[in-house]
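Here's the structure, in structure tokens; my notes come after.
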Amino acid sequence: MLQAIKFNSENGTLEVIDQLLLPHLMKYIKINSVEDGWNVINKMQVRGAPCIAIVGALSLAVEIWKENVTDKKLFLSEIEGKLNYLISARPTAVNIKKESQTLLELGTELCNDNNCTPQEMKQKFIDRIVSMLEKDIADNKAIGKFGSESILAKCQALKSVNLLTHCNTGSLATAGYGTALGVVRAMQEAGRLNTIFLTETRPYNQGSRLTAFEMVHEKFNATLICDSSVAYLFQKKHIQAVVVGADRVALNGDTANKIGTYQIACLAKHHGVDFYVCAPLSSIDPTITSGDQIVIEERPEREMTYLNGSRIAAPGISVWNPAFDITPANLITGIITEKGVYEPKDLQSCFE
Ligand code: MRU
């Protein structure tokens with residue numbers, strides 16, 4: 001499996017694949033500080049909601065690794081400032097915000113614990129951050145299992161199934177295995193995947209650059225399509241289900257994901273194809289009740305108008321480049337989490 005994040009827990013060093021260079025070059029970048037973490041997230045050298053949270057938090061672990069902590073309260077306020085800064089790198093994915101809250105709750109608890117020394121407090125922070133790597137892979141494997149079982153239960157008569165995915169939700173977007181691509185992986189492991197169709201995912205081409213790279217690397221039977229081919233794909237090929245990831249899911253099931261997800265969901269509904277959102281609980285935002293409350297990031301126009309440094313759009317044209325859209329809950333068949341598959345109306349119960 002590809003490893004987007006390499007963290008050495010012996011000496012606290014962190015490297016990430018520069019995803020802007022893929023698929024042509026596999027080059028790791030060293031992350032030495034929170035500033036470096038913010039930059040790779042903001043420039044989208046690392047991307048994908050879980051990966052953003054893990055790399056952001058690990059950049060903090062790297063920064064505090066050698067710090068000699070003597071004052072717990074001061075340390076906590078330093079951590080809080082750095083976490084707030086990291087969250088500001090990209091606004092839509094909720095995972096990094098939720099992880100920050102967990103870390104701050106842990107910090108408050110440790111501040112109040114008279115038996116915990118400042119250096120022990122720092123070590124507990126680091127341990128918590130490092131544990132995200134293993135947890136994410138375990139969660140993704142559970143998502144893969146629940147998702148593939150659920151989809152296959154509806155396709156018992158079929159020897160194998162065709163799926164469609166959008167954007168990149170695999171090893172490059174997570175600590176490993178992937179969310180929606182985790183479901184695809186589990187389907188392949190069960191010997192029941194016929195073809196995974198994948199969209200190019202304009203304008204940043206996470207599909208043709210990253211998902212295609214992962215699928216070729218894994219030797220899966222995968223076929224790339226233009227974003228504009230989805231309706232025709234549903235007409236011409238027998239697609240059993242769409243599996244996508246999420247950047248933030250509201251409590252009613254409305255889902256923010258890569259721009260283009262909403263139109264695929266509309267088309268899936270029209271063609272009677274099941275549409276699944278595959279996301280760890282860390283992507284579900286219990287503080288919001290509907291998708292209207294999600295801030296959608298707008299990216300620079302250059303990401304649309306240039307390809308590999310060459311201008312492809314007519315000079316002078318104005319551009320709107322939202323990075324995500326909101327798929328309303330009524331278009332979603334199920335939300336596949338590490339705890340099981342929920343209909344949007346039952347999503348609240350995943351926190352019980
Ligand atoms: O802009 P990106 O590449 O960070 O967007 C990524 C997505 O929209 C993914 O589908 C989502 O983060 C889930 S990744 C497991």
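The chains in the structure tokens are called A, B, ... from first to last as shown; in each chain the residues are counted from 1, and the ligands are counted from 1 in the order shown.
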Check: Hey, which residues come within 7 Å of ligand 1 if we count only C-alpha atoms and all ligand atoms? Could you give them as JSON, numbers by chain?
Finding: {"A": [44, 47, 48, 49, 50, 93, 167, 168, 169, 170, 173, 174, 178, 179, 180, 206, 244, 245, 246, 247, 257, 258, 279, 323, 324]}
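Looking only at range 36-244 of chain A, the set that DSSP places in strand (DSSP E) from backbone geometry is A:Val161, A:Asn162, A:Leu163, A:Leu164, A:Thr165, A:Leu193, A:Asn194, A:Thr195, A:Ile196, A:Phe197, A:Leu198, A:Thr199, A:Ala222, A:Thr223, A:Leu224, A:Ile225, A:Ala241, A:Val242, A:Val243, A:Val244.
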Margin query: DSSP on the backbone, helix (DSSP H, G or I) only: what residues of range 58-141 of chain A does that give? Format it as JSON, numbers by chain.
Written below: {"A": [58, 59, 60, 61, 62, 63, 64, 72, 73, 74, 75, 76, 77, 78, 79, 80, 81, 82, 83, 84, 85, 86, 87, 95, 96, 97, 98, 99, 100, 101, 102, 103, 104, 105, 106, 107, 108, 109, 110, 111, 112, 118, 119, 120, 121, 122, 123, 124, 125, 126, 127, 128, 129, 130, 131, 132, 133, 134, 135, 136, 137, 138, 139, 140, 141]}
Notebook entry, point to check: At what distance in Å, to one decimal, does CA of Leu198 in chain A lie from CA of Ala212 in chain A?
Noted result: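 Interatomic distance, CA of Ala212 in chain A to CA of Leu198 in chain A: 7.6 Å.
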